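Input: a single structure, listed below in structure tokens.
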Number of protein chains: 2
Amino acid sequence: MTRVAIVGYGNIGRYALDALKAAPDMECAGVVRRCGSAEGIPGLSGIKVTSDISELGRVDVAILATPSRSVRENALKYLGMGISTVDSFDIHTGIAALRSELSPVARANGCVSIVSAGWDPGTDSIVRALLLAMAPEGTTYTNFGPGRSMGHSVVAASKDGVVKALSMTIPQGHGVHSREVYVELEPGADFAAVEEAVRTDPYFASDRTTVTAVPSVDTIDSHMHGVKLERSGISGCTGGQQMDFNMRINNPALTGQILVCAARAATRQQPGCYTTIEVPVIDFLPGDRDSIIPELV
Amino acid sequence: MTRVAIVGYGNIGRYALDALKAAPDMECAGVVRRCGSAEGIPGLSGIKVTSDISELGRVDVAILATPSRSVRENALKYLGMGISTVDSFDIHTGIAALRSELSPVARANGCVSIVSAGWDPGTDSIVRALLLAMAPEGTTYTNFGPGRSMGHSVVAASKDGVVKALSMTIPQGHGVHSREVYVELEPGADFAAVEEAVRTDPYFASDRTTVTAVPSVDTIDSHMHGVKLERSGISGCTGGQQMDFNMRINNPALTGQILVCAARAATRQQPGCYTTIEVPVIDFLPGDRDSIIPELV
């Protein structure tokens with residue numbers, strides 16, 4: 001059994017625990033929370049909770065279910081301890097640098113890091129790479145939503161004066177999106193300052209963003225999200241090749257599941273840091289190759 | 001430059017040559033045909049044609065653009081000469097055995113074989129594996145067509161009394177298909193015997209198959225095909241996850257393109273035999289990882 005710790009217990013951590021419990025070949029070594037306590041969280045009964053991963057016995061892989069902006073620090077820490085890591089780091093422009101920085105650390109400590117292993121970046125990246133291989137000339141459009149972006153919601157919620165936030169991604173077609181951000185404000189917070197801070201954050205700066213103050217974010221929240229990846233292109237010299245990939249999914253449930261599959265894959269790679277497109281897809285699945293191939297290929 | 005030979009020059013061979021010419025990192029070492037001649041085939045001008053691959057100088061990879069039933073023999077021959085091979089072997093029930101037989105031969109000769117590298121089996125296999133990872137409990141349906149199945153057409157054409165054949169795959173939903181086989185008969189051929197031979201062939205035996213004699217297959221032929229892969233399943237313990245992958249494509253053009261991508265990937269694997277789901281998707285693409293990742297992930 002591969003022993004997996006979950007670091008952080010927000011939305012993604014909860015769903016990663018569900019996926020870990022359902023995996024036939026893995027067990028949860030425990031959950032690492034800054035507070036070190038499971039108090040008041042019923043989903044954690046029977047699970048060891050600590051602020052120090054070294055109290056969990058042998059840990060093969062740590063799932064970093066933390067905001068993207070603290071992935072780097074956590075990954076360096078756990079890789080340094082010889083524990084493999086997986087994360088769903090979702091800042092597309094920072095992935096290559098993260099991989100370059102973690103790779104020598106992972107190698108030096110004989111362990112593996114799989115970065116950006118959510119659904120986008122993550123499984124969508126695999127589909128994009130596949131579509132590009134199938135039709136090397138052409139255009140791929142990634143259309144998200146409508147749905148709640150976890151990464152954008154966390155960033156909006158981090159702004160001064162904001163209690164809770166929900167960022168909805170609205171597809172406008174051909175890879176263009178707008179963002180509808182709903183914020184619950186602290187008493188006396190300056191709405192104009194919040195609006196400015198959200199709209200100028202790099203997460204939002206390139207999309208049309210509307211910020212609205214609401215009395216309660218929870219009543220309009222949803223975990224449903226979706227994507228449509230489309231490519232039209234040329235195979236060899238034959239044009240008109242049409243492909244598309246669509247999902248309508250519970251967002252943190254899918255992210256948690258992919259992180260657990262990536263934790264499995266981490267035990268099967270040579271030391272180093274990888275993005276999902278560098279990992280053979282079969283390594284995400286339980287069981288051995290000789291049993292999977294006749295069923296699936 | 002990776003030097004690639006194309007073995008066989010039917011539909012797939014022609015389109016593989018197109019894809020090879022379009023590839024920035026590969027060149028065509030030549031085409032191997034039993035007759036050893038390019039006579040009467042305009043597409044081969046400027047390409048060396050031979051019946052003996054050893055006349056083509058260095059060959060890194062041989063693309064086996066032959067019927068599935070002669071893949072095994074050709075793969076064993078070229079791997080034995082230390083030349084890596086890729087093929088689009090499409091008999092799903094025979095893939096695992098083919099891989100097991102070729103793997104030690106490839107390893108012993110320090111080369112690589114990637115088997116069943118068309119679109120199904122092939123790229124569809126990658127999508128199926130990915131969907132299974134994303135929602136481990138659930139059902140995947142593979143719906144083909146409507147379109148011409150190259151493998152089934154070749155088998156129908158191989159029956160005694162048949163000059164040419166076209167097998168159309170018609171999706172009936174939920175992974176069920178019927179097959180409409182059109183045959184051009186030799187003068188005096190026994191239609192009932194042809195019908196029986198087609199319908200009882202393992203390629204057709206499990207599908208509802210209609211055989212029709214026509215004066216000319218060419219007038220009703222088309223290279224367009226398609227597929228819809230659908231999965232509805234559970235991530236962790238959250239149900240209702242919906243995913244689908246669709247294509248409408250020129251069939252031999254896509255197969256030829258994927259074979260060329262697989263030839264590239266063959267130069268990047270450790271010696272042995274692989275199915276597509278065992279190959280990191282990034283290895284199908286030209287260029288180095290550090291340039292691909294920032295663009296695609």
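Scheme for the structure tokens: letters A, B, ... for chains in order shown; per-chain residue numbers from 1; ligand numbers from 1 in order shown.
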key: Expected answer as a PyMOL selection string: strand (DSSP E) residues in stretch 61-202 of chain A   = chain A and resi 61-64+84-87+112-114+137-144+147-148+162-173+176-185
List every residue of stretch 109-200 of chain B that has an atom at most 10 Å from any atom of stretch 285-288 of chain A, and for each one report the closest atom pair and its distance in Å to one decimal, counting only C-alpha atoms, with rows sorted by chain and then by increasing residue number, as a Markdown table.
| residue | atom | partner | partner_atom | distance |
| --- | --- | --- | --- | --- |
| B:Ala129 | CA | A:Leu285 | CA | 7.7 |
| B:Leu130 | CA | A:Leu285 | CA | 8.6 |
| B:Leu132 | CA | A:Leu285 | CA | 7.7 |
| B:Ala133 | CA | A:Leu285 | CA | 5.8 |
| B:Met134 | CA | A:Leu285 | CA | 9.5 |
| B:Pro136 | CA | A:Leu285 | CA | 8.5 |
Hey, can you spit out that residue selection with all heavy atoms as a PDB file, in the first residue's frame?
ATOM      1  N   ALA B 129      -8.021   5.721 -21.061  1.00  0.00           N
ATOM      2  CA  ALA B 129      -7.245   5.568 -19.819  1.00  0.00           C
ATOM      3  C   ALA B 129      -7.384   6.815 -18.946  1.00  0.00           C
ATOM      4  O   ALA B 129      -7.536   6.735 -17.728  1.00  0.00           O
ATOM      5  CB  ALA B 129      -5.777   5.308 -20.143  1.00  0.00           C
ATOM      6  N   LEU B 130      -7.371   7.977 -19.609  1.00  0.00           N
ATOM      7  CA  LEU B 130      -7.495   9.239 -18.883  1.00  0.00           C
ATOM      8  C   LEU B 130      -8.877   9.355 -18.228  1.00  0.00           C
ATOM      9  O   LEU B 130      -8.998   9.744 -17.060  1.00  0.00           O
ATOM     10  CB  LEU B 130      -7.272  10.383 -19.886  1.00  0.00           C
ATOM     11  CG  LEU B 130      -6.997  11.757 -19.338  1.00  0.00           C
ATOM     12  CD1 LEU B 130      -5.740  11.770 -18.485  1.00  0.00           C
ATOM     13  CD2 LEU B 130      -6.839  12.752 -20.503  1.00  0.00           C
ATOM     14  N   LEU B 132     -10.810   6.970 -17.327  1.00  0.00           N
ATOM     15  CA  LEU B 132     -10.867   5.990 -16.238  1.00  0.00           C
ATOM     16  C   LEU B 132     -10.158   6.529 -14.997  1.00  0.00           C
ATOM     17  O   LEU B 132     -10.631   6.368 -13.873  1.00  0.00           O
ATOM     18  CB  LEU B 132     -10.234   4.674 -16.707  1.00  0.00           C
ATOM     19  CG  LEU B 132     -10.207   3.510 -15.732  1.00  0.00           C
ATOM     20  CD1 LEU B 132     -11.618   3.139 -15.292  1.00  0.00           C
ATOM     21  CD2 LEU B 132      -9.518   2.302 -16.361  1.00  0.00           C
ATOM     22  N   ALA B 133      -9.020   7.203 -15.202  1.00  0.00           N
ATOM     23  CA  ALA B 133      -8.307   7.799 -14.063  1.00  0.00           C
ATOM     24  C   ALA B 133      -9.165   8.878 -13.404  1.00  0.00           C
ATOM     25  O   ALA B 133      -9.209   8.990 -12.181  1.00  0.00           O
ATOM     26  CB  ALA B 133      -6.969   8.391 -14.528  1.00  0.00           C
ATOM     27  N   MET B 134      -9.861   9.671 -14.225  1.00  0.00           N
ATOM     28  CA  MET B 134     -10.628  10.811 -13.717  1.00  0.00           C
ATOM     29  C   MET B 134     -11.906  10.395 -12.988  1.00  0.00           C
ATOM     30  O   MET B 134     -12.361  11.093 -12.089  1.00  0.00           O
ATOM     31  CB  MET B 134     -10.971  11.743 -14.878  1.00  0.00           C
ATOM     32  CG  MET B 134      -9.737  12.397 -15.483  1.00  0.00           C
ATOM     33  SD  MET B 134     -10.053  13.023 -17.152  1.00  0.00           S
ATOM     34  CE  MET B 134     -10.943  14.524 -16.774  1.00  0.00           C
ATOM     35  N   PRO B 136     -12.912   6.732 -11.675  1.00  0.00           N
ATOM     36  CA  PRO B 136     -12.578   5.291 -11.662  1.00  0.00           C
ATOM     37  C   PRO B 136     -13.789   4.368 -11.675  1.00  0.00           C
ATOM     38  O   PRO B 136     -13.679   3.240 -12.128  1.00  0.00           O
ATOM     39  CB  PRO B 136     -11.775   5.132 -10.356  1.00  0.00           C
ATOM     40  CG  PRO B 136     -11.225   6.486 -10.071  1.00  0.00           C
ATOM     41  CD  PRO B 136     -12.275   7.455 -10.556  1.00  0.00           C
TER      42      PRO B 136
END
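Here the question is which of B:Arg128, B:Lys164, B:Lys77, B:His225 gets nearest to chain A using only C-alpha atoms, and that residue is B:Arg128.
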ask   = What are the residues of chain B that have an atom within 7 Å of an atom of chain A, counting only C-alpha atoms, as number ranges by chain?
value = B: 15, 18-19, 22, 93, 96, 121, 125-126, 128-130, 133-134, 235-238, 241-250, 253-254, 257-258, 261, 277-282, 284-285, 293-294, 296-297
ask   = Among stretch 1-231 of chain B, which residues carry a DSSP assignment of alpha helix (DSSP H), reported as a ChimeraX atom specification?
value = /B:11-22,71-80,95-108,123-134,150-157,191-200
message = Report, in Å with one decimal, the straight-line distance from atom CA of A:Ser103 to atom CA of A:Glu27.
response = 25.9 Å
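With only C-alpha atoms as the atoms that count, the residue of A:Pro171, A:Gly151, A:Pro104, A:Gly36 with the shortest distance to A:Phe89 is A:Gly151.
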Mind checking which residues fall within 12 Å of A:Cys35, counting only C-alpha atoms, ignoring those fewer than 4 positions away in the same chain, and posting them as a PDB file with C-alpha atoms, in the first residue's frame?
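Just written: selection.pdb:
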ATOM      1  CA  VAL A   7      -1.428  18.641   3.332  1.00  0.00           C
ATOM      2  CA  GLY A   8      -4.228  21.168   3.785  1.00  0.00           C
ATOM      3  CA  TYR A   9      -7.873  20.369   4.275  1.00  0.00           C
ATOM      4  CA  VAL A  31      -3.789  14.989   7.243  1.00  0.00           C
ATOM      5  CA  GLU A  39     -11.759  19.697  15.881  1.00  0.00           C
ATOM      6  CA  VAL A  49      -4.371  14.966  12.007  1.00  0.00           C
ATOM      7  CA  THR A  50      -1.109  16.718  12.817  1.00  0.00           C
ATOM      8  CA  SER A  51       0.826  19.890  12.101  1.00  0.00           C
ATOM      9  CA  ASP A  52       4.032  17.857  11.599  1.00  0.00           C
TER      10      ASP A  52
END
